[in-house]
Each structure stands twice: as structure tokens, then as C-alpha cells.
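Shown here: target_10.tsv, TSV, C-alpha atoms.
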```tsv
chain	number	residue	atom	x	y	z
A	366	MET	CA	29.07	-8.26	15.13
A	367	ALA	CA	32.35	-7.44	16.90
A	368	ARG	CA	34.46	-4.89	15.09
A	369	ALA	CA	37.72	-6.28	13.65
A	370	TRP	CA	40.74	-4.38	14.79
A	371	LEU	CA	44.00	-4.12	12.89
A	372	THR	CA	47.15	-3.52	14.98
A	373	ILE	CA	49.93	-1.87	13.01
A	374	PRO	CA	53.42	-2.52	14.65
A	375	LEU	CA	55.50	0.58	15.25
A	376	LEU	CA	59.03	0.56	13.79
A	377	ALA	CA	61.54	1.68	16.43
A	378	ILE	CA	64.68	3.27	14.94
A	379	GLY	CA	67.71	3.24	17.31
A	380	GLY	CA	69.75	6.47	17.57
A	381	CYS	CA	73.53	6.42	16.69
A	382	SER	CA	75.94	7.52	19.47
A	383	GLY	CA	78.59	10.01	18.27
A	384	GLY	CA	77.75	9.10	14.73
A	385	GLY	CA	77.85	5.42	15.67
A	386	GLY	CA	78.57	3.11	12.82
A	387	THR	CA	81.19	5.50	11.32
A	388	ALA	CA	84.99	5.12	11.64
A	389	ALA	CA	86.67	6.86	14.59
A	390	PRO	CA	89.44	9.33	13.93
A	391	SER	CA	92.71	7.75	12.91
A	392	GLY	CA	94.46	6.07	15.82
A	393	GLY	CA	91.36	6.08	18.07
A	394	SER	CA	89.38	3.16	19.32
A	395	VAL	CA	86.13	2.06	17.74
A	396	SER	CA	83.13	2.36	20.04
A	397	THR	CA	80.31	-0.11	19.74
A	398	PRO	CA	76.89	1.47	20.27
A	399	ALA	CA	74.64	-0.04	22.91
A	400	PRO	CA	71.81	-2.03	21.36
A	401	ALA	CA	68.48	-0.23	21.23
A	402	PRO	CA	65.88	-1.63	23.66
A	403	ALA	CA	63.20	-3.83	22.12
A	404	PRO	CA	60.03	-1.84	21.53
A	405	THR	CA	57.14	-2.54	23.86
A	406	PRO	CA	54.15	-3.61	21.76
A	407	ALA	CA	51.15	-1.32	22.04
A	408	PRO	CA	48.28	-3.08	23.82
A	409	THR	CA	45.51	-4.26	21.55
A	410	PRO	CA	42.41	-2.20	22.38
A	411	THR	CA	39.31	-4.05	23.49
A	412	PRO	CA	36.78	-3.96	20.64
A	413	THR	CA	33.59	-2.05	21.35
A	414	PRO	CA	30.61	-4.27	20.57
A	415	THR	CA	28.57	-3.07	17.60
A	416	PRO	CA	25.07	-2.23	18.81
A	417	ALA	CA	22.34	-4.48	17.48
A	418	PRO	CA	20.53	-2.78	14.63
A	419	PRO	CA	17.13	-1.39	15.55
A	420	ALA	CA	14.05	-3.25	14.44
A	421	SER	CA	13.12	-2.47	10.86
A	422	ALA	CA	11.04	0.67	10.50
A	423	PRO	CA	7.40	0.18	9.58
A	424	ALA	CA	6.63	0.16	5.88
A	425	ARG	CA	5.07	3.58	5.37
A	426	PHE	CA	3.34	4.56	2.17
A	427	ALA	CA	4.58	8.12	2.69
A	428	ASP	CA	8.15	6.86	2.22
A	429	ILE	CA	7.59	6.49	-1.52
A	430	TYR	CA	7.87	10.29	-1.60
A	431	SER	CA	11.43	10.04	-0.28
A	432	PHE	CA	14.35	7.99	-1.53
A	433	ARG	CA	13.82	5.10	0.90
A	434	TYR	CA	12.60	2.91	-1.96
A	435	GLY	CA	14.79	4.50	-4.61
A	436	ALA	CA	14.00	7.03	-7.29
A	437	GLY	CA	10.82	5.24	-8.32
A	438	VAL	CA	8.41	2.61	-7.07
A	439	THR	CA	5.89	0.33	-8.78
A	440	LEU	CA	2.73	-0.45	-6.84
A	441	PRO	CA	0.48	-3.38	-7.77
A	442	SER	CA	-3.18	-3.34	-6.80
A	443	ALA	CA	-6.49	-5.15	-6.57
A	444	CYS	CA	-9.39	-3.34	-8.23
A	445	ALA	CA	-13.15	-3.37	-8.61
A	446	GLY	CA	-14.92	-1.18	-11.13
A	447	ILE	CA	-17.98	-0.02	-13.00
A	448	THR	CA	-18.54	1.02	-16.58
A	449	SER	CA	-21.42	3.31	-17.43
A	450	ALA	CA	-22.04	2.60	-21.11
A	451	PRO	CA	-24.68	2.00	-22.22
A	452	THR	CA	-25.95	1.33	-18.67
A	453	PRO	CA	-23.98	0.72	-15.45
A	454	ALA	CA	-22.26	-2.66	-15.40
A	455	ALA	CA	-19.79	-4.16	-12.95
A	456	LEU	CA	-16.23	-4.91	-14.04
A	457	PRO	CA	-14.56	-8.10	-12.78
A	458	VAL	CA	-12.75	-7.73	-9.45
A	459	SER	CA	-9.05	-8.33	-9.96
A	460	ALA	CA	-6.87	-10.29	-7.56
A	461	TRP	CA	-3.99	-8.60	-5.76
A	462	GLY	CA	-1.21	-7.98	-8.26
A	463	GLN	CA	-3.57	-8.24	-11.25
A	464	GLY	CA	-5.27	-4.88	-11.06
A	465	LEU	CA	-4.02	-1.57	-12.40
A	466	VAL	CA	-0.30	-1.00	-12.00
A	467	PHE	CA	0.70	2.33	-10.46
A	468	ARG	CA	4.17	3.79	-10.92
A	469	PHE	CA	5.59	6.83	-9.10
A	470	VAL	CA	8.86	8.50	-10.04
A	471	LEU	CA	10.18	10.85	-7.39
A	472	THR	CA	11.88	13.23	-9.79
A	473	PRO	CA	10.09	14.87	-11.54
A	474	GLN	CA	7.01	13.80	-9.51
A	475	VAL	CA	5.37	11.64	-12.18
A	476	TRP	CA	2.53	9.14	-11.71
A	477	SER	CA	1.62	6.62	-14.38
A	478	ILE	CA	-1.01	3.90	-14.65
A	479	ALA	CA	-0.84	0.75	-16.76
A	480	GLY	CA	-3.41	-1.94	-17.45
A	481	GLU	CA	-7.01	-1.39	-18.48
A	482	VAL	CA	-6.26	2.32	-18.17
A	483	ALA	CA	-2.94	3.63	-19.49
A	484	VAL	CA	-2.02	7.24	-18.77
A	485	GLY	CA	0.69	9.36	-17.18
A	486	PHE	CA	0.46	12.48	-15.01
A	487	ASP	CA	2.96	15.10	-13.91
A	488	GLY	CA	2.90	18.23	-11.78
A	489	ARG	CA	1.01	20.20	-14.43
A	490	ASP	CA	-1.99	17.88	-13.94
A	491	ALA	CA	-2.70	18.74	-10.29
A	492	ASP	CA	-6.45	18.89	-9.63
A	493	GLY	CA	-7.09	21.68	-7.15
A	494	SER	CA	-10.84	21.00	-7.09
A	495	VAL	CA	-10.36	17.83	-5.02
A	496	GLN	CA	-10.10	18.26	-1.25
A	497	GLY	CA	-8.61	15.82	1.22
A	498	ALA	CA	-6.75	13.60	-1.26
A	499	GLU	CA	-3.09	12.66	-0.89
A	500	VAL	CA	-2.79	12.71	-4.68
A	501	ALA	CA	-5.28	14.43	-7.01
A	502	LEU	CA	-4.45	14.57	-10.72
A	503	ALA	CA	-6.53	15.04	-13.85
A	504	LYS	CA	-5.82	15.57	-17.52
A	505	THR	CA	-7.58	15.75	-20.87
A	506	ILE	CA	-6.15	14.25	-24.04
A	507	GLY	CA	-8.30	15.21	-26.99
A	508	ALA	CA	-11.83	14.13	-26.11
A	509	ASP	CA	-10.65	11.70	-23.42
A	510	ARG	CA	-10.33	12.58	-19.75
A	511	TYR	CA	-8.51	10.82	-16.92
A	512	ALA	CA	-8.39	11.40	-13.17
A	513	LEU	CA	-6.45	9.79	-10.30
A	514	ARG	CA	-7.11	10.19	-6.59
A	515	ILE	CA	-5.12	8.45	-3.88
A	516	THR	CA	-6.53	8.87	-0.38
A	517	GLN	CA	-5.88	7.89	3.20
A	518	PRO	CA	-8.83	5.56	3.92
A	519	PHE	CA	-9.36	6.59	7.56
A	520	ALA	CA	-10.49	10.15	8.07
A	521	ALA	CA	-9.73	9.98	11.81
A	522	GLU	CA	-6.43	9.21	13.53
A	523	PRO	CA	-4.62	6.93	13.76
A	524	ALA	CA	-4.23	6.86	9.99
A	525	LEU	CA	-3.19	3.81	8.02
A	526	LEU	CA	0.56	3.65	7.49
A	527	SER	CA	0.88	1.27	4.56
A	528	ALA	CA	-2.38	0.92	2.59
A	529	ARG	CA	-4.15	3.44	0.39
A	530	SER	CA	-7.29	3.74	-1.69
A	531	ALA	CA	-6.90	4.74	-5.34
A	532	ARG	CA	-9.77	5.80	-7.56
A	533	VAL	CA	-9.20	6.07	-11.29
A	534	ASP	CA	-11.81	7.61	-13.60
A	535	ALA	CA	-11.44	7.38	-17.36
A	536	ARG	CA	-13.71	8.66	-20.10
A	537	VAL	CA	-12.30	7.16	-23.27
A	538	GLY	CA	-14.11	6.94	-26.60
A	539	GLY	CA	-17.37	8.02	-25.00
A	540	MET	CA	-17.27	5.21	-22.42
A	541	GLU	CA	-16.79	6.01	-18.74
A	542	ARG	CA	-15.00	3.68	-16.36
A	543	ARG	CA	-14.45	3.93	-12.64
A	544	HIS	CA	-11.84	1.76	-10.93
A	545	ASP	CA	-11.71	1.42	-7.12
A	546	CYS	CA	-8.33	-0.02	-6.13
A	547	VAL	CA	-6.33	-0.89	-3.02
A	548	LEU	CA	-2.58	-0.44	-3.14
A	549	GLY	CA	0.26	-0.08	-0.70
A	550	LEU	CA	3.19	-1.91	0.89
A	551	PRO	CA	2.33	-5.56	1.61
A	552	THR	CA	3.41	-7.29	4.80
A	553	ALA	CA	6.84	-8.93	4.58
A	554	ALA	CA	6.72	-12.72	4.36
A	555	GLY	CA	8.48	-13.09	7.72
A	556	GLU	CA	5.79	-11.06	9.48
A	557	LEU	CA	2.68	-12.68	8.01
A	558	ALA	CA	2.34	-14.99	11.02
A	559	ALA	CA	1.02	-11.99	12.95
A	560	ALA	CA	-1.83	-11.44	10.46
A	561	ASP	CA	-4.46	-13.13	12.56
A	562	GLY	CA	-7.60	-12.28	14.49
A	563	SER	CA	-10.08	-9.42	14.41
A	564	TYR	CA	-9.50	-6.06	12.71
A	565	PRO	CA	-11.96	-3.76	14.51
A	566	ARG	CA	-11.23	-0.46	12.77
A	567	THR	CA	-12.96	-0.59	9.40
A	568	VAL	CA	-14.17	1.59	6.57
A	569	LEU	CA	-15.93	0.88	3.28
A	570	ARG	CA	-16.23	3.41	0.49
A	571	GLY	CA	-17.56	3.17	-3.03
A	572	VAL	CA	-20.57	3.62	-5.25
A	573	ALA	CA	-23.71	1.59	-5.94
A	574	TYR	CA	-26.24	1.90	-8.73
A	575	VAL	CA	-29.74	0.84	-7.72
A	576	ARG	CA	-32.12	-0.14	-10.50
A	577	ASP	CA	-35.88	-0.57	-10.18
A	578	ALA	CA	-39.01	0.19	-12.21
A	579	THR	CA	-38.47	3.94	-11.82
A	580	GLY	CA	-34.94	3.94	-13.23
A	581	THR	CA	-31.33	3.84	-12.02
A	582	ARG	CA	-29.98	5.96	-9.18
A	583	SER	CA	-26.47	6.24	-7.72
A	584	TYR	CA	-25.62	5.94	-4.04
A	585	LEU	CA	-22.44	6.38	-2.00
A	586	LEU	CA	-21.54	3.49	0.29
A	587	ASP	CA	-19.68	5.48	2.97
A	588	MET	CA	-22.22	4.70	5.69
A	589	SER	CA	-21.76	0.94	5.33
A	590	ALA	CA	-20.50	-1.12	8.30
A	591	VAL	CA	-17.92	-3.92	8.23
A	592	THR	CA	-16.52	-6.65	10.46
A	593	LEU	CA	-13.45	-8.61	9.32
A	594	VAL	CA	-11.52	-11.52	10.86
A	595	LEU	CA	-8.45	-13.39	9.61
A	596	ASP	CA	-7.87	-16.99	10.71
A	597	ARG	CA	-4.30	-17.87	9.80
A	598	ALA	CA	-4.42	-21.42	11.11
A	599	GLY	CA	-7.62	-22.13	9.19
A	600	ARG	CA	-6.47	-20.11	6.17
A	601	ARG	CA	-9.76	-18.23	6.22
A	602	VAL	CA	-11.06	-14.68	5.96
A	603	THR	CA	-14.57	-13.95	7.17
A	604	ALA	CA	-16.41	-10.66	6.88
A	605	THR	CA	-19.85	-9.15	7.28
A	606	LEU	CA	-20.76	-6.15	5.14
A	607	ARG	CA	-23.89	-4.13	5.91
A	608	LEU	CA	-24.28	-2.15	2.71
A	609	VAL	CA	-25.97	1.21	3.19
A	610	GLY	CA	-26.38	3.66	0.33
A	611	THR	CA	-26.68	7.43	0.61
A	612	PRO	CA	-28.10	9.22	-2.45
A	613	GLU	CA	-25.37	11.25	-4.16
A	614	GLY	CA	-27.78	14.13	-4.51
A	615	GLY	CA	-28.84	13.92	-0.86
A	616	GLY	CA	-31.69	12.07	0.81
A	617	ALA	CA	-32.47	9.26	3.19
A	618	PRO	CA	-30.10	6.26	3.46
A	619	LEU	CA	-31.15	3.03	1.76
A	620	GLU	CA	-30.42	-0.44	3.16
A	621	LEU	CA	-29.00	-2.49	0.30
A	622	GLY	CA	-28.50	-5.77	2.15
A	623	THR	CA	-26.07	-7.47	4.50
A	624	ALA	CA	-23.48	-9.58	2.75
A	625	SER	CA	-21.24	-12.25	4.23
A	626	VAL	CA	-17.83	-13.37	3.01
A	627	ALA	CA	-16.31	-16.77	3.74
A	628	GLY	CA	-13.07	-16.70	1.80
A	629	VAL	CA	-9.47	-17.83	1.68
A	630	LEU	CA	-6.36	-16.33	3.27
A	631	ASP	CA	-3.08	-17.36	1.68
A	632	PRO	CA	-0.66	-17.55	4.65
A	633	ALA	CA	2.38	-17.45	2.35
A	634	THR	CA	1.48	-14.23	0.48
A	635	GLY	CA	-1.14	-12.51	2.61
A	636	SER	CA	-3.67	-12.30	-0.22
A	637	ILE	CA	-7.38	-12.75	0.54
A	638	ALA	CA	-10.32	-13.63	-1.71
A	639	GLY	CA	-13.90	-14.77	-1.37
A	640	PRO	CA	-17.42	-14.49	-2.80
A	641	LEU	CA	-20.15	-12.34	-1.29
A	642	ALA	CA	-23.49	-13.88	-0.31
A	643	ILE	CA	-26.78	-12.27	0.77
A	644	ALA	CA	-29.54	-14.47	2.15
A	645	GLY	CA	-32.41	-14.85	-0.30
A	646	ARG	CA	-30.62	-12.98	-3.10
A	647	THR	CA	-28.68	-13.99	-6.18
A	648	VAL	CA	-25.26	-12.36	-5.85
A	649	GLY	CA	-22.43	-12.21	-8.36
A	650	ALA	CA	-19.86	-10.28	-6.33
A	651	THR	CA	-16.33	-10.91	-5.08
A	652	LEU	CA	-13.86	-9.54	-2.53
A	653	ARG	CA	-10.11	-9.66	-3.26
A	654	GLY	CA	-7.29	-7.98	-1.38
A	655	GLN	CA	-4.08	-8.10	0.61
A	656	VAL	CA	-2.56	-7.81	4.09
A	657	PHE	CA	-0.42	-4.70	4.49
A	658	GLY	CA	2.05	-3.12	6.86
A	659	GLN	CA	4.28	-4.22	9.70
A	660	ASN	CA	3.13	-7.48	11.30
A	661	GLY	CA	0.00	-7.57	9.15
A	662	ALA	CA	-1.56	-4.60	10.91
A	663	GLU	CA	-3.74	-3.55	7.97
A	664	VAL	CA	-6.02	-5.20	5.42
A	665	GLY	CA	-7.28	-3.72	2.17
A	666	ALA	CA	-9.66	-5.24	-0.39
A	667	ALA	CA	-11.56	-4.32	-3.52
A	668	LEU	CA	-15.09	-5.64	-3.83
A	669	GLY	CA	-17.85	-5.35	-6.36
A	670	GLY	CA	-20.39	-7.06	-8.55
A	671	THR	CA	-24.14	-7.44	-8.82
A	672	VAL	CA	-27.10	-8.28	-6.59
A	673	ASP	CA	-30.25	-9.30	-8.42
A	674	ALA	CA	-33.66	-7.90	-7.56
A	675	ALA	CA	-35.85	-10.00	-5.28
A	676	GLY	CA	-39.37	-9.06	-4.21
A	677	ASN	CA	-39.31	-5.41	-3.17
A	678	ALA	CA	-35.53	-5.33	-3.08
A	679	PRO	CA	-34.04	-3.61	-6.15
A	680	ALA	CA	-31.12	-4.77	-8.25
A	681	VAL	CA	-27.74	-3.36	-7.19
A	682	ILE	CA	-24.46	-2.90	-9.06
A	683	PHE	CA	-21.53	-1.74	-6.93
A	684	SER	CA	-17.79	-1.09	-6.74
A	685	ALA	CA	-15.95	-0.33	-3.51
A	686	THR	CA	-12.84	-0.65	-1.37
A	687	LEU	CA	-12.66	-1.94	2.19
A	688	PHE	CA	-9.95	-1.28	4.76
A	689	ALA	CA	-9.47	-2.72	8.23
A	690	ALA	CA	-6.83	-2.26	10.92
A	691	ARG	CA	-5.98	-3.45	14.40
```
How does the structure come out when it is put into C-alpha cells?
Amino acid sequence: MARAWLTIPLLAIGGCSGGGGTAAPSGGSVSTPAPAPAPTPAPTPTPTPTPAPPASAPARFADIYSFRYGAGVTLPSACAGITSAPTPAALPVSAWGQGLVFRFVLTPQVWSIAGEVAVGFDGRDADGSVQGAEVALAKTIGADRYALRITQPFAAEPALLSARSARVDARVGGMERRHDCVLGLPTAAGELAAADGSYPRTVLRGVAYVRDATGTRSYLLDMSAVTLVLDRAGRRVTATLRLVGTPEGGGAPLELGTASVAGVLDPATGSIAGPLAIAGRTVGATLRGQVFGQNGAEVGAALGGTVDAAGNAPAVIFSATLFAAR
């Protein structure tokens, strides 16, 4: 926008010759001063065009630790989860915006969680036993214990700018809960048109409990493989999830099944949702998430549920997060 200029006229004050305008000595003639020349107006300067503002900076999760978003920020989420009492059971997977609510206040560095788990943390609750987390907090209140870990999903560069994984553990009243959540800075509505096509960089992390005649064992899902595609025109999300478990105590990987997702992409909000299916198995599992970052460059989703036993295949209960990027 051109800068508006204001020209202030200069007031020219004419000098008085010999004290012009006063009476001459008695008997003398009265001199009339010459009129002062009209002032020459100063030329109006040519306005300098205002440079076009640069394109908006990418929405970076790290900016919540500055004042870019103000003194505090509230972060919605989508979450999966597992409760361990009396035996492992899957919690419902929440849609984006209906999971735990995370709140960060810059000063004095306070995190709080609301929803199915309600707790606050400050700098005194730092958990030095956790390595590699962006945020690691833990506290005990009476007999109850809470822990929060927020991590960068991709271990290798380039890292995700806008999406994060949050794990919340709560042992309350003798019952243990684990929540696996995705949170971050969603894609602006005006940029959602770019959220389309394949997202080849993927990661899936979580936990699975496998139950058979010998008992129940826990497995990490970090070795799982994912493909994910968004179809904006068709309002679809499709994914293939090869679930591979690694025993938490060490041991050989276990193939848990390959699941497919044929779900819905909301082009107006960037939310995604769909059921999981495994051929020949009865599955009660769901994926729910959101598109994140500038021009829809990132996708994050929570997924979890149950897979019934079939033949030699054991029953599986799982909770995980999935991230994908272009």
C-alpha cells in the first residue's frame, strides 16, 4: 500500500525595512515596504512503495516457546489409549479436538492437561530420566502419579515443524492409563487445498498387548510400516499399516497383521477419520487425526482398538500415533 504523505506548508514571514510599518520621524516621508515574494511551495516527494509483506512464516511448534502466539497457547488433540486394569483394554479413539486438551503458559513454564486426565506441571516436575523428549515431566500426588512426554516424531532430519506426539501416563486410584495423542498447529483453512497426494515419510509408534493361551505380553510398534495418501477431490484418506511388534523386554519381532484404512478427509477442516480392517480378522479399531503445517505438509493421527484372535493369530489390543510428511 502506498504511503500517505502529509505536506505541511511553510509560513514565510516578510522582513520590515527600517522598521517598516512604524511612523517616520516627524516631517519625513513614509516609506512603503516592498511586498515579500510569494513562497515557492516545496515539491511533494514521490512516495516510496511499501514492500509487499513476505509470505507468512511456517507454523512451527517450537514457536509456542516464544511469544509468537502470546503468553500461553491451548493445543487440542486426537488420542488413542489403553487402560491396564484389571486387564489391558483399549480406550475409544477421540476425534481431533475431542482428545486431551494441552495448555502451555510461557511464564512460568507451566504445562497443564484437561479431559480424562487433569493435572498441571511446572519446572519442578522435570523428568531427567527421559532422553530425547522435547518435554518430559512427571509428578506424584499422594498415591497417584502422572507423566507427560512430548516428542518430535521423526528421529532423523528433516524434523516435523508443526506436529508432535504426546504420551500421557496416569496411575490414579490404582488404575493405569496410557494416552497416545497427536497435537500441533493445524493447517490454515486457506492452505488446505494443498493437502493432497502421497505422504512418503512416515512413522508409527505405540504399544500393543498380545493375548494368547500363554498369557498377555507387551510389544512396541516402532518397526511398523505405513503408507498414507490424501485425496482432496474425493474427500478420502487411504492408508496401509503393517503392524510389527517388538517385545519390550527384547526378542524377535512379531507380525501382528496388515491393516487398511479407507476413511474420510474433511476438506474444510483437514480432519481425517476411518476404521481399520484386516483381512480375515474381526477388528474394532479406528484412526482419527488432522492435517498440520504450512500447505498441509504434515499429517498426524491417533489409532487404536482391538483385533480378535483368528486361528493361530493372537488377539491384539493397541494404542499408537502415526505421522506422515511430504
Neighbouring residues of range 617-626 of chain A were defined as those with any atom within 7 Å, considering all atoms listed in the file; residues of the same chain fewer than 6 positions away were excluded. Please report them as an MDAnalysis selection string.
chainID A and resid 603:611 639:643
When you count all atoms listed in the file, which of these residues is closest to Arg600 in chain A: A:Gly635, A:Leu526, A:Gly615, A:Tyr574?
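The shortest atom-to-atom distance to Arg600 in chain A comes from A:Gly635.
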Using all atoms listed in the file, what does the table of range 419-536 of chain A residues within 6 Å of range 662-684 of chain A look like, with each row giving the shortest atom pair and its distance in Å to one decimal, sorted by chain and ascending number, as JSON lines?
```
{"residue": "A:Ala443", "atom": "CA", "partner": "A:Ala667", "partner_atom": "CA", "distance": 6.0}
{"residue": "A:Cys444", "atom": "CA", "partner": "A:Ala667", "partner_atom": "CA", "distance": 5.3}
{"residue": "A:Ala445", "atom": "CA", "partner": "A:Ala667", "partner_atom": "CA", "distance": 5.4}
{"residue": "A:Gly446", "atom": "CA", "partner": "A:Ser684", "partner_atom": "CA", "distance": 5.2}
{"residue": "A:Ala455", "atom": "CA", "partner": "A:Gly670", "partner_atom": "CA", "distance": 5.3}
```
Rank nothing, just name the residue among A:Trp476, A:Arg597, A:Thr448, A:Ala436 nearest to Gly539 in chain A, using only C-alpha atoms.
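The closest residue to Gly539 in chain A is A:Thr448.
From CA of Leu525 in chain A back to CA of Ser477 in chain A, the distance works out to 23.1 Å.
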Please, what distance in Å, to one decimal, runs between CA of Gly645 in chain A and CA of Thr592 in chain A?
20.9 Å
Gap from CA of Thr516 in chain A to CA of Ala498 in chain A - Å, one decimal
4.8 Å
So which residues are close to (1.2, -16.1, 4.4), meaning at most 12 Å away in the file's coordinates with all atoms listed in the file counted, and can you show them as JSON, numbers by chain?
{"A": [551, 552, 553, 554, 555, 556, 557, 558, 559, 560, 561, 595, 596, 597, 598, 599, 600, 601, 629, 630, 631, 632, 633, 634, 635, 636, 637, 655, 656, 657, 660, 661]}
Writing out the chosen residues with C-alpha atoms as a PDB file, in the coordinates of the input:
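Okay, selection.pdb is ready:
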```pdb
ATOM      1  CA  PRO A 551       2.330  -5.560   1.610  1.00  0.00           C
ATOM      2  CA  THR A 552       3.410  -7.290   4.800  1.00  0.00           C
ATOM      3  CA  ALA A 553       6.840  -8.930   4.580  1.00  0.00           C
ATOM      4  CA  ALA A 554       6.720 -12.720   4.360  1.00  0.00           C
ATOM      5  CA  GLY A 555       8.480 -13.090   7.720  1.00  0.00           C
ATOM      6  CA  GLU A 556       5.790 -11.060   9.480  1.00  0.00           C
ATOM      7  CA  LEU A 557       2.680 -12.680   8.010  1.00  0.00           C
ATOM      8  CA  ALA A 558       2.340 -14.990  11.020  1.00  0.00           C
ATOM      9  CA  ALA A 559       1.020 -11.990  12.950  1.00  0.00           C
ATOM     10  CA  ALA A 560      -1.830 -11.440  10.460  1.00  0.00           C
ATOM     11  CA  ASP A 561      -4.460 -13.130  12.560  1.00  0.00           C
ATOM     12  CA  LEU A 595      -8.450 -13.390   9.610  1.00  0.00           C
ATOM     13  CA  ASP A 596      -7.870 -16.990  10.710  1.00  0.00           C
ATOM     14  CA  ARG A 597      -4.300 -17.870   9.800  1.00  0.00           C
ATOM     15  CA  ALA A 598      -4.420 -21.420  11.110  1.00  0.00           C
ATOM     16  CA  GLY A 599      -7.620 -22.130   9.190  1.00  0.00           C
ATOM     17  CA  ARG A 600      -6.470 -20.110   6.170  1.00  0.00           C
ATOM     18  CA  ARG A 601      -9.760 -18.230   6.220  1.00  0.00           C
ATOM     19  CA  VAL A 629      -9.470 -17.830   1.680  1.00  0.00           C
ATOM     20  CA  LEU A 630      -6.360 -16.330   3.270  1.00  0.00           C
ATOM     21  CA  ASP A 631      -3.080 -17.360   1.680  1.00  0.00           C
ATOM     22  CA  PRO A 632      -0.660 -17.550   4.650  1.00  0.00           C
ATOM     23  CA  ALA A 633       2.380 -17.450   2.350  1.00  0.00           C
ATOM     24  CA  THR A 634       1.480 -14.230   0.480  1.00  0.00           C
ATOM     25  CA  GLY A 635      -1.140 -12.510   2.610  1.00  0.00           C
ATOM     26  CA  SER A 636      -3.670 -12.300  -0.220  1.00  0.00           C
ATOM     27  CA  ILE A 637      -7.380 -12.750   0.540  1.00  0.00           C
ATOM     28  CA  GLN A 655      -4.080  -8.100   0.610  1.00  0.00           C
ATOM     29  CA  VAL A 656      -2.560  -7.810   4.090  1.00  0.00           C
ATOM     30  CA  PHE A 657      -0.420  -4.700   4.490  1.00  0.00           C
ATOM     31  CA  ASN A 660       3.130  -7.480  11.300  1.00  0.00           C
ATOM     32  CA  GLY A 661       0.000  -7.570   9.150  1.00  0.00           C
TER      33      GLY A 661
END
```
Using all atoms listed in the file - which residues lie no farther than 12 Å from the point (-30.2, 7.5, -12.3) in the file's frame? Write them as a ChimeraX atom specification.
/A:449,452-453,573-584,612-614
With distances taken over all atoms listed in the file, which of A:Val458, A:Ala685, A:Leu652, A:Ala535 is nearest to Val482 in chain A?
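Closest to Val482 in chain A, using all atoms listed in the file: A:Ala535.
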Among the residues A:Gly485, A:Val495, A:Asp545, A:Ala590, the one that comes closest to Gly464 in chain A [using only C-alpha atoms]
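Once distances to Gly464 in chain A are computed over only C-alpha atoms, the minimum belongs to A:Asp545.
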Which one is closest to Ala450 in chain A: A:Gly435, A:Gly538, A:Gly493, A:Gly571? Count only C-alpha atoms.
A:Gly538
Edge lengths and centre in Å to one decimal, as AutoDock Vina command-line options, of the axis-aligned box that encloses all listed atoms of range 435-444 of chain A with 5 Å added on every side?
```
--center_x 2.7 --center_y 0.9 --center_z -6.7 --size_x 34.2 --size_y 22.2 --size_z 14.2
```
Let me make sure I understand: among A:Gly549, A:Gly654, A:Gly462, A:Gly480, which one has the smallest atom-to-atom distance to Ile429 in chain A if we use all atoms listed in the file?
A:Gly549
Ala531 in chain A environment, 6 Å, all atoms listed in the file, sequence neighbours closer than 3 positions dropped, as an MDAnalysis selection string
chainID A and resid 514:515 546
Export all heavy atoms of range 492-497 of chain A from the structure just given, as a PDB file, in the first residue's frame?
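This is the output file result-v4.pdb:
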```
ATOM      1  N   ASP A 492      11.520 -34.398  34.340  1.00  0.00           N
ATOM      2  CA  ASP A 492      11.899 -35.807  34.472  1.00  0.00           C
ATOM      3  C   ASP A 492      13.206 -36.045  33.731  1.00  0.00           C
ATOM      4  O   ASP A 492      13.223 -36.241  32.519  1.00  0.00           O
ATOM      5  CB  ASP A 492      10.782 -36.693  33.915  1.00  0.00           C
ATOM      6  CG  ASP A 492      11.015 -38.174  34.173  1.00  0.00           C
ATOM      7  OD1 ASP A 492      12.103 -38.520  34.688  1.00  0.00           O
ATOM      8  OD2 ASP A 492      10.108 -38.976  33.876  1.00  0.00           O
ATOM      9  N   GLY A 493      14.299 -36.029  34.466  1.00  0.00           N
ATOM     10  CA  GLY A 493      15.616 -36.198  33.859  1.00  0.00           C
ATOM     11  C   GLY A 493      15.914 -37.610  33.409  1.00  0.00           C
ATOM     12  O   GLY A 493      16.912 -37.842  32.723  1.00  0.00           O
ATOM     13  N   SER A 494      15.057 -38.564  33.736  1.00  0.00           N
ATOM     14  CA  SER A 494      15.309 -39.955  33.340  1.00  0.00           C
ATOM     15  C   SER A 494      14.910 -40.226  31.900  1.00  0.00           C
ATOM     16  O   SER A 494      15.254 -41.267  31.346  1.00  0.00           O
ATOM     17  CB  SER A 494      14.539 -40.907  34.264  1.00  0.00           C
ATOM     18  OG  SER A 494      13.132 -40.775  34.077  1.00  0.00           O
ATOM     19  N   VAL A 495      14.178 -39.296  31.279  1.00  0.00           N
ATOM     20  CA  VAL A 495      13.705 -39.486  29.904  1.00  0.00           C
ATOM     21  C   VAL A 495      14.661 -38.794  28.948  1.00  0.00           C
ATOM     22  O   VAL A 495      14.964 -37.611  29.097  1.00  0.00           O
ATOM     23  CB  VAL A 495      12.287 -38.918  29.739  1.00  0.00           C
ATOM     24  CG1 VAL A 495      11.828 -39.050  28.294  1.00  0.00           C
ATOM     25  CG2 VAL A 495      11.320 -39.619  30.685  1.00  0.00           C
ATOM     26  N   GLN A 496      15.142 -39.534  27.957  1.00  0.00           N
ATOM     27  CA  GLN A 496      16.071 -38.995  26.968  1.00  0.00           C
ATOM     28  C   GLN A 496      15.359 -38.767  25.644  1.00  0.00           C
ATOM     29  O   GLN A 496      14.504 -39.546  25.248  1.00  0.00           O
ATOM     30  CB  GLN A 496      17.250 -39.959  26.773  1.00  0.00           C
ATOM     31  CG  GLN A 496      18.023 -40.269  28.041  1.00  0.00           C
ATOM     32  CD  GLN A 496      18.660 -39.032  28.648  1.00  0.00           C
ATOM     33  OE1 GLN A 496      19.250 -38.230  27.928  1.00  0.00           O
ATOM     34  NE2 GLN A 496      18.559 -38.893  29.963  1.00  0.00           N
ATOM     35  N   GLY A 497      15.729 -37.682  24.966  1.00  0.00           N
ATOM     36  CA  GLY A 497      15.240 -37.458  23.610  1.00  0.00           C
ATOM     37  C   GLY A 497      13.866 -36.837  23.503  1.00  0.00           C
ATOM     38  O   GLY A 497      13.354 -36.687  22.397  1.00  0.00           O
TER      39      GLY A 497
END
```
